[in-house]
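First up is the structure itself, then whatever we jot down about it.
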Amino acid sequence: MSKEILIWVQVRQGKLLKIAAELAGEGKKMCQSMGAKLSAVLIGKEVAGLTGELGCLGVEKVYLADDASLANYTTEPYTGIFASIIEKVKPVAVLVGATFPGRDLAARLAGRVKGALIADVIGMSIDGDKISARRPMYSGKVIAEVGAAAGAIPILSLRPNVFAAAVKGAGAAPEVEKISTPAARDSLKTVCREIIASAGAILDVAEADIIVSGGRGMKDGANFKLLFEFAKDIGAAVGASRAAVDSGWISHEHQVGQTGKAVSPTLYIACGISGAIQHLAGMSSSKVIVAINKDPDANIFKLANYGIVGDLFQVLPVLREEILKIRAN
Amino acid sequence: MKICVIVKRVPDTEANIKIRTDKPDRIDESEISFIINPYDEFAVEEALKIADEKDGETTVITVGSKESEAVLRHALAMGIENAVHVTDNEESDPFRTAFLLGKVINDKGFDLILCGKAAIDDDTAGVGSMLAENLGLAQVLVVTKVEIAGDGKKVVCHRDIEGGTMVVEAPLPAVISCQKGLNEPRLPTIIDIKRANKKALETFDSKSYLEGFSGPRVKIGKFTSPPPRPVGKVLKGDSGTAAKELAKLLREEAKVI
Ligand SMILES: Cc1cc2nc3c(=O)[nH]c(=O)nc-3n(C[C@H](O)[C@H](O)[C@H](O)COP(=O)(O)OP(=O)(O)OC[C@H]3O[C@@H](n4cnc5c(N)ncnc54)[C@H](O)[C@@H]3O)c2cc1C
Ligand SMILES: Nc1ncnc2c1ncn2[C@@H]1O[C@H](COP(=O)(O)O)[C@@H](O)[C@H]1O
């Protein structure tokens with residue numbers, strides 16, 4: 001039997017998430033080192049049409065479970081389907097995105113197949129058949145090198161926005177194998193009653209390339225409008241410090257930090273954030289950090305690639321204008 | 001209604017984490033203080049709230065060294081009735097923890113098991129799911145609202161997903177992981193703390209529960225410090241000039257916009 005790497009290609013509102021291309025990109029690299037084939041697990045409702053796009057991303061085989069009951073992620077049926085594929089294929093690795101559903105699935109799967117759960121991976125190296133993953137621990141204060149114990153299938157969740165996406169090619173149509181939907185064990189049946197889209201947020205911080213984040217220096221909840229407008233025009237997500245969230249200025253889903261979300265955007269713009277250790281824990285792995293703060297001694301400047309000592313209410317509008325101008329050229 | 005909360009002892013969020021020079025797969029614990037995992041405080045608070053409404057009985061369980069007794073005492077001080085300490089001196093590993101908890105909890109028949117979204121030391125967010133799997137229970141993770149429904153037969157939760165909230169209904173018993181936003185954990189008073197310190201704990205040695213354990217699934221090779229960040233540039237001039245300069249640098253030098 002040939003070796004296979006399985007990637008979970010997550011679908012939202014009929015479209016593949018960006019992380020699917022990132023998993024395909026990293027998965028393909030791993031396949032080349034390990035002499036394995038790249039296969040995707042595609043689960044959802046009316047998703048069969050996405051197999052062509054997966055072929056363009058370099059996927060050679062698709063395990064497809066397409067059923068009306070699978071429209072939204074719930075743990076039990078998705079785990080059941082995925083586990084049945086793992087038991088048959090015995091993959092050398094399973095990759096999912098470190099999204100909320102991805103981390104849910106990876107952990108339950110690891111429990112079921114007694115796999116090696118390695119969460120929130122930000123780097124990978126392969127030596128022969130051995131995978132060594134790098135992941136932040138202690139909220140990014142250290143990076144751990146983690147591998148699977150002998151006999152355990154590595155089940156890795158990869159942090160979005162860290163790994164290079166597969167370049168779309170012509171791509172042959174992948175082989176498609178239909179997987180029957182195992183009946184969910186009734187005793188475990190969870191039902192998605194509804195999905196409430198969050199107000200105002202265009203992009204989730206965990207998935208965004210650019211984050212503009214506000215802290216206590218924003219002074220008032222109403223002023224977050226400035227950040228939402230900036231985010232809308234530039235194509236960014238809005239983040240926040242815990243001080244801003246705890247003041248009730250913005251909802252907790254925006255919080256970045258040790259007890260918020262860990263993010264790795266290309267660009268993180270911190271406005272009126274002092275740079276407490278718990279905030280840095282969530283964003284210090286951003287590629288480029290910009291700090292806008294009135295206080296020249298603010299800790300955030302120690303991390304920032306670029307800093308402006310000044311009033312965010314004066315800086316931000318000009319920055320927005322300038323970026324729009326530059327982009328228009 | 002019998003409610004169980006599982007809690008972990010973790011380094012304080014302020015802690016400056018240093019890697020041990022003699023053992024590069026361990027951190028130096030000598031100068032750090034430990035706290036109850038912040039997400040587990042939401043779980044404790046929620047257990048107390050539900051017990052209050054549904055006339056429930058609450059139990060807190062931890063797996064860990066002798067020192068982790070302190071987090072049980074904290075939960076007791078917040079108002080939890082019973083505490084169970086599974087003493088274990090191995091380096092913490094979610095797979096092992098979930099195995100041990102599964103064995104201990106299986107004996108006790110809870111209707112609801114609450115845990116934290118993730119432990120802020122290993123950041124795995126694995127124990128809740130693996131425990132649910134070991135016990136054959138439903139799970140709902142990263143929850144910001146919990147409502148017991150159907151005469152205590154089911155639970156309706158709001159869980160975080162990217163871009164919004166999913167409203168999920170699950171049968172009880174179930175495992176639920178608690179996220180910030182769920183509630184405001186209460187602060188115990190000095191009297192609460194004194195009372196909690198006098199309470200008896202139930203203690204088990206992990207050895208009596210390890211039969212059938214297949215060993216750790218992951219191996220930690222070593223820790224390294226995150227790469228240092230480059231020395232930054234502070235842009236001069238008035239706000240407008242600096243902002244213009246910044247936009248230019250983000251485009252031409254950093255190439256990120
Ligand atoms: C258990 C625990 C967990 C925590 N988890 C998190 C977490 O996940 N995320 C998090 O962020 N924090 C977290 N914290 C809180 C953290 O310790 C800090 O309190 C918090 O990050 C401070 O937020 P801030 O930087 O917005 O506010 P402050 O520290 O008050 O800083 C405000 C900054 O704004 C600047 N400023 C004011 N006005 C202006 C202006 N007009 N223009 C420009 N700059 C201005 C000031 O100079 C100052 O530097 C946690 C704390 C604990 C104890
Ligand atoms: N040693 C432990 N004892 C009891 N509960 C634990 C332990 N480790 C983790 N947990 C629980 O599982 C949650 C997730 O932890 P983790 O999977 O380590 O991120 C924590 O928030 C706790 O509620």
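FYI, nothing fancy with the structure tokens labels: chains A, B, ... in order, residues from 1 per chain, ligands from 1 as they appear.
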Neighbours of ligand 1 at 9 Å or closer, counting only C-alpha atoms and all ligand atoms: which residues, as a PDB file with N, CA, C and O atoms, in the first residue's frame?
```pdb
ATOM      1  N   GLY A 214      -6.855  47.358  18.854  1.00  0.00           N
ATOM      2  CA  GLY A 214      -6.990  48.511  19.743  1.00  0.00           C
ATOM      3  C   GLY A 214      -6.970  48.119  21.206  1.00  0.00           C
ATOM      4  O   GLY A 214      -7.454  47.063  21.583  1.00  0.00           O
ATOM      5  N   GLY A 215      -6.398  48.993  22.015  1.00  0.00           N
ATOM      6  CA  GLY A 215      -6.325  48.750  23.453  1.00  0.00           C
ATOM      7  C   GLY A 215      -7.021  49.837  24.237  1.00  0.00           C
ATOM      8  O   GLY A 215      -7.888  50.556  23.713  1.00  0.00           O
ATOM      9  N   ARG A 216      -6.612  49.988  25.490  1.00  0.00           N
ATOM     10  CA  ARG A 216      -7.227  50.975  26.359  1.00  0.00           C
ATOM     11  C   ARG A 216      -7.072  52.389  25.798  1.00  0.00           C
ATOM     12  O   ARG A 216      -7.891  53.258  26.052  1.00  0.00           O
ATOM     13  N   GLY A 217      -6.028  52.578  24.995  1.00  0.00           N
ATOM     14  CA  GLY A 217      -5.801  53.875  24.373  1.00  0.00           C
ATOM     15  C   GLY A 217      -6.909  54.296  23.422  1.00  0.00           C
ATOM     16  O   GLY A 217      -6.980  55.460  23.013  1.00  0.00           O
ATOM     17  N   MET A 218      -7.806  53.374  23.055  1.00  0.00           N
ATOM     18  CA  MET A 218      -8.939  53.728  22.197  1.00  0.00           C
ATOM     19  C   MET A 218      -9.953  54.602  22.956  1.00  0.00           C
ATOM     20  O   MET A 218     -10.835  55.199  22.347  1.00  0.00           O
ATOM     21  N   LYS A 219      -9.864  54.576  24.289  1.00  0.00           N
ATOM     22  CA  LYS A 219     -10.640  55.467  25.170  1.00  0.00           C
ATOM     23  C   LYS A 219     -12.120  55.132  25.306  1.00  0.00           C
ATOM     24  O   LYS A 219     -12.728  55.409  26.322  1.00  0.00           O
ATOM     25  N   ALA A 240      -8.106  43.212  19.638  1.00  0.00           N
ATOM     26  CA  ALA A 240      -8.243  44.051  20.824  1.00  0.00           C
ATOM     27  C   ALA A 240      -7.422  43.478  21.968  1.00  0.00           C
ATOM     28  O   ALA A 240      -7.127  42.291  22.001  1.00  0.00           O
ATOM     29  N   SER A 241      -7.057  44.340  22.896  1.00  0.00           N
ATOM     30  CA  SER A 241      -6.420  43.873  24.126  1.00  0.00           C
ATOM     31  C   SER A 241      -7.526  43.476  25.103  1.00  0.00           C
ATOM     32  O   SER A 241      -8.692  43.818  24.914  1.00  0.00           O
ATOM     33  N   ARG A 242      -7.112  42.779  26.139  1.00  0.00           N
ATOM     34  CA  ARG A 242      -8.110  42.390  27.127  1.00  0.00           C
ATOM     35  C   ARG A 242      -8.701  43.609  27.824  1.00  0.00           C
ATOM     36  O   ARG A 242      -9.882  43.608  28.170  1.00  0.00           O
ATOM     37  N   ALA A 243      -7.891  44.646  27.998  1.00  0.00           N
ATOM     38  CA  ALA A 243      -8.409  45.846  28.656  1.00  0.00           C
ATOM     39  C   ALA A 243      -9.602  46.391  27.872  1.00  0.00           C
ATOM     40  O   ALA A 243     -10.611  46.807  28.451  1.00  0.00           O
ATOM     41  N   ALA A 244      -9.497  46.392  26.543  1.00  0.00           N
ATOM     42  CA  ALA A 244     -10.588  46.898  25.704  1.00  0.00           C
ATOM     43  C   ALA A 244     -11.803  45.974  25.787  1.00  0.00           C
ATOM     44  O   ALA A 244     -12.941  46.441  25.847  1.00  0.00           O
ATOM     45  N   VAL A 245     -11.545  44.676  25.794  1.00  0.00           N
ATOM     46  CA  VAL A 245     -12.651  43.707  25.857  1.00  0.00           C
ATOM     47  C   VAL A 245     -13.345  43.799  27.218  1.00  0.00           C
ATOM     48  O   VAL A 245     -14.572  43.870  27.303  1.00  0.00           O
ATOM     49  N   GLN A 255     -10.376  39.391  21.125  1.00  0.00           N
ATOM     50  CA  GLN A 255      -9.231  39.511  22.044  1.00  0.00           C
ATOM     51  C   GLN A 255      -8.031  38.698  21.575  1.00  0.00           C
ATOM     52  O   GLN A 255      -8.126  37.525  21.253  1.00  0.00           O
ATOM     53  N   VAL A 256      -6.898  39.354  21.562  1.00  0.00           N
ATOM     54  CA  VAL A 256      -5.638  38.713  21.202  1.00  0.00           C
ATOM     55  C   VAL A 256      -4.814  38.580  22.480  1.00  0.00           C
ATOM     56  O   VAL A 256      -4.755  39.509  23.280  1.00  0.00           O
ATOM     57  N   GLY A 257      -4.198  37.437  22.657  1.00  0.00           N
ATOM     58  CA  GLY A 257      -3.338  37.282  23.827  1.00  0.00           C
ATOM     59  C   GLY A 257      -3.449  35.915  24.456  1.00  0.00           C
ATOM     60  O   GLY A 257      -4.060  35.012  23.887  1.00  0.00           O
ATOM     61  N   GLN A 258      -2.879  35.836  25.644  1.00  0.00           N
ATOM     62  CA  GLN A 258      -2.785  34.543  26.315  1.00  0.00           C
ATOM     63  C   GLN A 258      -4.161  33.942  26.603  1.00  0.00           C
ATOM     64  O   GLN A 258      -4.337  32.741  26.514  1.00  0.00           O
ATOM     65  N   THR A 259      -5.129  34.768  26.971  1.00  0.00           N
ATOM     66  CA  THR A 259      -6.478  34.253  27.172  1.00  0.00           C
ATOM     67  C   THR A 259      -7.412  34.763  26.073  1.00  0.00           C
ATOM     68  O   THR A 259      -8.614  34.862  26.255  1.00  0.00           O
ATOM     69  N   GLY A 260      -6.825  35.069  24.932  1.00  0.00           N
ATOM     70  CA  GLY A 260      -7.599  35.412  23.750  1.00  0.00           C
ATOM     71  C   GLY A 260      -7.098  34.517  22.635  1.00  0.00           C
ATOM     72  O   GLY A 260      -6.787  33.363  22.872  1.00  0.00           O
ATOM     73  N   LYS A 261      -6.980  35.066  21.448  1.00  0.00           N
ATOM     74  CA  LYS A 261      -6.504  34.233  20.345  1.00  0.00           C
ATOM     75  C   LYS A 261      -5.019  34.433  20.097  1.00  0.00           C
ATOM     76  O   LYS A 261      -4.485  35.516  20.308  1.00  0.00           O
ATOM     77  N   ALA A 262      -4.371  33.368  19.662  1.00  0.00           N
ATOM     78  CA  ALA A 262      -2.985  33.460  19.241  1.00  0.00           C
ATOM     79  C   ALA A 262      -2.998  33.682  17.741  1.00  0.00           C
ATOM     80  O   ALA A 262      -3.628  32.926  17.015  1.00  0.00           O
ATOM     81  N   ALA A 270      -0.698  47.615  16.356  1.00  0.00           N
ATOM     82  CA  ALA A 270      -1.195  47.767  17.729  1.00  0.00           C
ATOM     83  C   ALA A 270      -1.417  49.245  18.030  1.00  0.00           C
ATOM     84  O   ALA A 270      -0.473  50.031  18.011  1.00  0.00           O
ATOM     85  N   CYS A 271      -2.660  49.614  18.305  1.00  0.00           N
ATOM     86  CA  CYS A 271      -2.981  51.015  18.553  1.00  0.00           C
ATOM     87  C   CYS A 271      -3.400  51.203  20.007  1.00  0.00           C
ATOM     88  O   CYS A 271      -4.395  50.620  20.445  1.00  0.00           O
ATOM     89  N   GLY A 272      -2.646  51.978  20.741  1.00  0.00           N
ATOM     90  CA  GLY A 272      -3.005  52.232  22.138  1.00  0.00           C
ATOM     91  C   GLY A 272      -2.969  50.978  22.983  1.00  0.00           C
ATOM     92  O   GLY A 272      -3.823  50.765  23.838  1.00  0.00           O
ATOM     93  N   ILE A 273      -1.982  50.132  22.700  1.00  0.00           N
ATOM     94  CA  ILE A 273      -1.777  48.897  23.467  1.00  0.00           C
ATOM     95  C   ILE A 273      -0.385  48.979  24.079  1.00  0.00           C
ATOM     96  O   ILE A 273       0.593  49.255  23.379  1.00  0.00           O
ATOM     97  N   SER A 274      -0.296  48.723  25.399  1.00  0.00           N
ATOM     98  CA  SER A 274       0.991  48.938  26.074  1.00  0.00           C
ATOM     99  C   SER A 274       1.981  47.810  25.829  1.00  0.00           C
ATOM    100  O   SER A 274       3.191  48.014  25.888  1.00  0.00           O
ATOM    101  N   GLY A 275       1.467  46.611  25.567  1.00  0.00           N
ATOM    102  CA  GLY A 275       2.363  45.483  25.332  1.00  0.00           C
ATOM    103  C   GLY A 275       2.632  44.659  26.574  1.00  0.00           C
ATOM    104  O   GLY A 275       3.763  44.241  26.832  1.00  0.00           O
ATOM    105  N   ALA A 276       1.570  44.383  27.340  1.00  0.00           N
ATOM    106  CA  ALA A 276       1.694  43.504  28.509  1.00  0.00           C
ATOM    107  C   ALA A 276       2.074  42.109  28.040  1.00  0.00           C
ATOM    108  O   ALA A 276       1.725  41.708  26.923  1.00  0.00           O
ATOM    109  N   ILE A 277       2.769  41.383  28.909  1.00  0.00           N
ATOM    110  CA  ILE A 277       3.278  40.058  28.541  1.00  0.00           C
ATOM    111  C   ILE A 277       2.147  39.147  28.037  1.00  0.00           C
ATOM    112  O   ILE A 277       2.330  38.382  27.090  1.00  0.00           O
ATOM    113  N   GLN A 278       0.942  39.290  28.632  1.00  0.00           N
ATOM    114  CA  GLN A 278      -0.165  38.422  28.192  1.00  0.00           C
ATOM    115  C   GLN A 278      -0.662  38.798  26.800  1.00  0.00           C
ATOM    116  O   GLN A 278      -1.199  37.958  26.088  1.00  0.00           O
ATOM    117  N   HIS A 279      -0.508  40.053  26.426  1.00  0.00           N
ATOM    118  CA  HIS A 279      -0.907  40.439  25.070  1.00  0.00           C
ATOM    119  C   HIS A 279       0.142  39.949  24.068  1.00  0.00           C
ATOM    120  O   HIS A 279      -0.190  39.358  23.039  1.00  0.00           O
ATOM    121  N   LEU A 280       1.407  40.152  24.407  1.00  0.00           N
ATOM    122  CA  LEU A 280       2.492  39.732  23.517  1.00  0.00           C
ATOM    123  C   LEU A 280       2.435  38.235  23.254  1.00  0.00           C
ATOM    124  O   LEU A 280       2.747  37.766  22.161  1.00  0.00           O
ATOM    125  N   ALA A 281       2.000  37.477  24.270  1.00  0.00           N
ATOM    126  CA  ALA A 281       1.920  36.021  24.126  1.00  0.00           C
ATOM    127  C   ALA A 281       1.082  35.638  22.913  1.00  0.00           C
ATOM    128  O   ALA A 281       1.328  34.613  22.287  1.00  0.00           O
ATOM    129  N   GLY A 282       0.109  36.466  22.568  1.00  0.00           N
ATOM    130  CA  GLY A 282      -0.778  36.114  21.469  1.00  0.00           C
ATOM    131  C   GLY A 282      -0.349  36.629  20.120  1.00  0.00           C
ATOM    132  O   GLY A 282      -0.883  36.181  19.099  1.00  0.00           O
ATOM    133  N   ALA A 291       3.647  49.580  16.087  1.00  0.00           N
ATOM    134  CA  ALA A 291       3.074  50.087  17.336  1.00  0.00           C
ATOM    135  C   ALA A 291       2.803  51.570  17.207  1.00  0.00           C
ATOM    136  O   ALA A 291       3.666  52.333  16.769  1.00  0.00           O
ATOM    137  N   ILE A 292       1.591  51.949  17.577  1.00  0.00           N
ATOM    138  CA  ILE A 292       1.253  53.372  17.644  1.00  0.00           C
ATOM    139  C   ILE A 292       0.855  53.647  19.085  1.00  0.00           C
ATOM    140  O   ILE A 292      -0.144  53.099  19.579  1.00  0.00           O
ATOM    141  N   ASN A 293       1.668  54.420  19.764  1.00  0.00           N
ATOM    142  CA  ASN A 293       1.438  54.630  21.198  1.00  0.00           C
ATOM    143  C   ASN A 293       1.994  55.987  21.612  1.00  0.00           C
ATOM    144  O   ASN A 293       3.044  56.414  21.136  1.00  0.00           O
ATOM    145  N   LYS A 294       1.284  56.643  22.526  1.00  0.00           N
ATOM    146  CA  LYS A 294       1.702  57.967  22.993  1.00  0.00           C
ATOM    147  C   LYS A 294       2.953  57.904  23.866  1.00  0.00           C
ATOM    148  O   LYS A 294       3.705  58.871  23.951  1.00  0.00           O
ATOM    149  N   ASP A 295       3.121  56.750  24.529  1.00  0.00           N
ATOM    150  CA  ASP A 295       4.180  56.626  25.524  1.00  0.00           C
ATOM    151  C   ASP A 295       5.434  56.004  24.897  1.00  0.00           C
ATOM    152  O   ASP A 295       5.423  54.830  24.525  1.00  0.00           O
ATOM    153  N   PRO A 296       6.527  56.802  24.778  1.00  0.00           N
ATOM    154  CA  PRO A 296       7.727  56.263  24.116  1.00  0.00           C
ATOM    155  C   PRO A 296       8.321  55.071  24.869  1.00  0.00           C
ATOM    156  O   PRO A 296       9.079  54.287  24.286  1.00  0.00           O
ATOM    157  N   ASP A 297       7.995  54.902  26.137  1.00  0.00           N
ATOM    158  CA  ASP A 297       8.544  53.796  26.915  1.00  0.00           C
ATOM    159  C   ASP A 297       7.644  52.566  26.922  1.00  0.00           C
ATOM    160  O   ASP A 297       7.934  51.586  27.611  1.00  0.00           O
ATOM    161  N   ALA A 298       6.540  52.611  26.178  1.00  0.00           N
ATOM    162  CA  ALA A 298       5.620  51.462  26.184  1.00  0.00           C
ATOM    163  C   ALA A 298       6.372  50.209  25.726  1.00  0.00           C
ATOM    164  O   ALA A 298       7.155  50.244  24.774  1.00  0.00           O
ATOM    165  N   ASN A 299       6.076  49.114  26.405  1.00  0.00           N
ATOM    166  CA  ASN A 299       6.768  47.857  26.146  1.00  0.00           C
ATOM    167  C   ASN A 299       6.585  47.360  24.713  1.00  0.00           C
ATOM    168  O   ASN A 299       7.453  46.680  24.159  1.00  0.00           O
ATOM    169  N   ILE A 300       5.477  47.708  24.099  1.00  0.00           N
ATOM    170  CA  ILE A 300       5.170  47.222  22.751  1.00  0.00           C
ATOM    171  C   ILE A 300       6.262  47.621  21.762  1.00  0.00           C
ATOM    172  O   ILE A 300       6.528  46.918  20.795  1.00  0.00           O
ATOM    173  N   ILE A 308       5.445  54.386  15.972  1.00  0.00           N
ATOM    174  CA  ILE A 308       5.180  55.821  15.934  1.00  0.00           C
ATOM    175  C   ILE A 308       4.787  56.237  17.346  1.00  0.00           C
ATOM    176  O   ILE A 308       3.845  55.678  17.927  1.00  0.00           O
ATOM    177  N   VAL A 309       5.559  57.194  17.890  1.00  0.00           N
ATOM    178  CA  VAL A 309       5.200  57.742  19.192  1.00  0.00           C
ATOM    179  C   VAL A 309       4.245  58.883  18.915  1.00  0.00           C
ATOM    180  O   VAL A 309       4.642  59.925  18.398  1.00  0.00           O
ATOM    181  N   GLY A 310       2.976  58.645  19.180  1.00  0.00           N
ATOM    182  CA  GLY A 310       2.007  59.687  18.864  1.00  0.00           C
ATOM    183  C   GLY A 310       0.596  59.274  19.206  1.00  0.00           C
ATOM    184  O   GLY A 310       0.365  58.185  19.741  1.00  0.00           O
ATOM    185  N   ASP A 311      -0.324  60.148  18.871  1.00  0.00           N
ATOM    186  CA  ASP A 311      -1.734  59.936  19.176  1.00  0.00           C
ATOM    187  C   ASP A 311      -2.363  59.099  18.066  1.00  0.00           C
ATOM    188  O   ASP A 311      -2.384  59.500  16.900  1.00  0.00           O
ATOM    189  N   LEU A 312      -2.883  57.950  18.424  1.00  0.00           N
ATOM    190  CA  LEU A 312      -3.444  57.046  17.416  1.00  0.00           C
ATOM    191  C   LEU A 312      -4.558  57.705  16.624  1.00  0.00           C
ATOM    192  O   LEU A 312      -4.762  57.404  15.442  1.00  0.00           O
ATOM    193  N   PHE A 313      -5.301  58.631  17.273  1.00  0.00           N
ATOM    194  CA  PHE A 313      -6.423  59.270  16.579  1.00  0.00           C
ATOM    195  C   PHE A 313      -5.945  60.196  15.467  1.00  0.00           C
ATOM    196  O   PHE A 313      -6.700  60.504  14.557  1.00  0.00           O
ATOM    197  N   GLN A 314      -4.675  60.628  15.567  1.00  0.00           N
ATOM    198  CA  GLN A 314      -4.127  61.437  14.478  1.00  0.00           C
ATOM    199  C   GLN A 314      -3.404  60.580  13.457  1.00  0.00           C
ATOM    200  O   GLN A 314      -3.423  60.860  12.260  1.00  0.00           O
ATOM    201  N   VAL A 315      -2.774  59.504  13.934  1.00  0.00           N
ATOM    202  CA  VAL A 315      -1.949  58.686  13.039  1.00  0.00           C
ATOM    203  C   VAL A 315      -2.800  57.800  12.128  1.00  0.00           C
ATOM    204  O   VAL A 315      -2.588  57.731  10.916  1.00  0.00           O
TER     205      VAL A 315
ATOM    206  N   ASP B  12       1.698  31.117  36.251  1.00  0.00           N
ATOM    207  CA  ASP B  12       1.058  32.425  36.220  1.00  0.00           C
ATOM    208  C   ASP B  12       1.241  33.061  34.838  1.00  0.00           C
ATOM    209  O   ASP B  12       2.289  32.901  34.215  1.00  0.00           O
ATOM    210  N   THR B  13       0.221  33.776  34.390  1.00  0.00           N
ATOM    211  CA  THR B  13       0.320  34.376  33.052  1.00  0.00           C
ATOM    212  C   THR B  13       1.448  35.413  32.949  1.00  0.00           C
ATOM    213  O   THR B  13       1.947  35.689  31.875  1.00  0.00           O
ATOM    214  N   GLU B  14       1.850  35.978  34.094  1.00  0.00           N
ATOM    215  CA  GLU B  14       2.946  36.961  34.112  1.00  0.00           C
ATOM    216  C   GLU B  14       4.311  36.294  34.001  1.00  0.00           C
ATOM    217  O   GLU B  14       5.316  36.961  33.804  1.00  0.00           O
ATOM    218  N   ILE B  35      -0.860  29.120  39.150  1.00  0.00           N
ATOM    219  CA  ILE B  35      -2.257  29.501  39.369  1.00  0.00           C
ATOM    220  C   ILE B  35      -3.167  28.406  38.796  1.00  0.00           C
ATOM    221  O   ILE B  35      -2.687  27.488  38.118  1.00  0.00           O
ATOM    222  N   ASN B  37      -5.549  27.279  35.964  1.00  0.00           N
ATOM    223  CA  ASN B  37      -5.653  27.680  34.566  1.00  0.00           C
ATOM    224  C   ASN B  37      -6.821  28.668  34.397  1.00  0.00           C
ATOM    225  O   ASN B  37      -7.939  28.375  34.823  1.00  0.00           O
ATOM    226  N   PRO B  38      -6.566  29.861  33.826  1.00  0.00           N
ATOM    227  CA  PRO B  38      -7.630  30.884  33.779  1.00  0.00           C
ATOM    228  C   PRO B  38      -8.941  30.390  33.162  1.00  0.00           C
ATOM    229  O   PRO B  38     -10.016  30.770  33.627  1.00  0.00           O
ATOM    230  N   TYR B  39      -8.877  29.568  32.127  1.00  0.00           N
ATOM    231  CA  TYR B  39     -10.122  29.073  31.515  1.00  0.00           C
ATOM    232  C   TYR B  39     -10.875  28.137  32.462  1.00  0.00           C
ATOM    233  O   TYR B  39     -12.094  28.008  32.371  1.00  0.00           O
TER     234      TYR B  39
END
```
Surrounding residues as a PDB file with C-alpha atoms, in the first residue's frame, ligand 2, max 8 Å, only C-alpha atoms and all ligand atoms:
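Dumped to result.pdb:
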```pdb
ATOM      1  CA  VAL B   5     -15.055  20.370  36.797  1.00  0.00           C
ATOM      2  CA  ILE B   6     -11.537  19.392  35.805  1.00  0.00           C
ATOM      3  CA  VAL B   7      -8.816  21.907  36.542  1.00  0.00           C
ATOM      4  CA  LYS B   8      -5.092  22.225  35.973  1.00  0.00           C
ATOM      5  CA  ARG B   9      -2.244  23.980  37.733  1.00  0.00           C
ATOM      6  CA  ASN B  37      -5.653  27.680  34.566  1.00  0.00           C
ATOM      7  CA  PRO B  38      -7.630  30.884  33.779  1.00  0.00           C
ATOM      8  CA  TYR B  39     -10.122  29.073  31.515  1.00  0.00           C
ATOM      9  CA  ASP B  40     -10.792  26.534  34.272  1.00  0.00           C
ATOM     10  CA  ALA B  43     -15.621  26.201  34.254  1.00  0.00           C
ATOM     11  CA  ILE B  61     -10.780  16.954  39.951  1.00  0.00           C
ATOM     12  CA  THR B  62      -7.149  17.541  39.084  1.00  0.00           C
ATOM     13  CA  VAL B  63      -4.367  15.261  37.929  1.00  0.00           C
ATOM     14  CA  GLY B  64      -0.929  16.361  39.030  1.00  0.00           C
ATOM     15  CA  SER B  92       1.859  16.502  32.085  1.00  0.00           C
ATOM     16  CA  ASP B  93       0.544  14.980  28.865  1.00  0.00           C
ATOM     17  CA  PRO B  94      -3.062  15.487  27.692  1.00  0.00           C
ATOM     18  CA  THR B  97      -4.458  13.023  31.763  1.00  0.00           C
ATOM     19  CA  ALA B  98      -7.548  12.123  29.726  1.00  0.00           C
ATOM     20  CA  LEU B 101      -9.605  11.236  34.297  1.00  0.00           C
ATOM     21  CA  LEU B 114     -16.785  21.125  32.472  1.00  0.00           C
ATOM     22  CA  CYS B 115     -13.205  21.911  31.478  1.00  0.00           C
ATOM     23  CA  GLY B 116     -11.273  24.923  30.224  1.00  0.00           C
ATOM     24  CA  LYS B 117     -10.869  25.811  26.538  1.00  0.00           C
ATOM     25  CA  ALA B 118      -7.156  25.017  26.781  1.00  0.00           C
ATOM     26  CA  ALA B 119      -4.452  24.846  29.395  1.00  0.00           C
ATOM     27  CA  ILE B 120      -2.241  27.895  28.915  1.00  0.00           C
ATOM     28  CA  ASP B 121       0.945  25.866  29.421  1.00  0.00           C
ATOM     29  CA  ASP B 122       0.674  23.109  26.812  1.00  0.00           C
ATOM     30  CA  ASP B 123      -2.045  24.918  24.810  1.00  0.00           C
ATOM     31  CA  THR B 124      -3.241  21.616  23.387  1.00  0.00           C
ATOM     32  CA  ALA B 125      -6.989  21.886  23.957  1.00  0.00           C
ATOM     33  CA  GLY B 126      -7.010  18.111  23.919  1.00  0.00           C
ATOM     34  CA  VAL B 127      -8.015  16.763  27.314  1.00  0.00           C
ATOM     35  CA  GLY B 128     -11.732  17.593  27.016  1.00  0.00           C
ATOM     36  CA  SER B 177     -15.030  23.374  27.354  1.00  0.00           C
ATOM     37  CA  CYS B 178     -15.353  26.914  28.660  1.00  0.00           C
TER      38      CYS B 178
END
```
When you get a sec, could you note down which chain B residues fall within 7 Å of chain A, using only C-alpha atoms, as a PyMOL selection string? chain B and resi 13-14+17+120-124+126+129-130+133+137-138+161-171+180-181+216-226+229-235+239-240+242-244+247+256
Need the shell around Gln179 of chain B: protein/DNA/RNA residues with any atom at most 6 Å away, counting only C-alpha atoms. Skip same-chain ones fewer than 6 positions apart. Format as a PyMOL selection string? chain B and resi 117+142-144
Using DSSP on the backbone coordinates, identify the residues of segment 9-246 of chain B assigned to strand (DSSP E); present them as a VMD selection string. chain B and resid 9 to 11 34 to 36 57 to 64 82 to 87 112 to 116 138 to 149 154 to 161 164 to 171 174 to 178 202 to 205 218 to 224 233 to 235
Report as number ranges by chain all protein, DNA and RNA residues lying within 8 Å of segment 170-180 of chain A, evaluated on only C-alpha atoms, omitting residues in the same chain fewer than 4 positions from it. A: 51-52, 54-65, 81
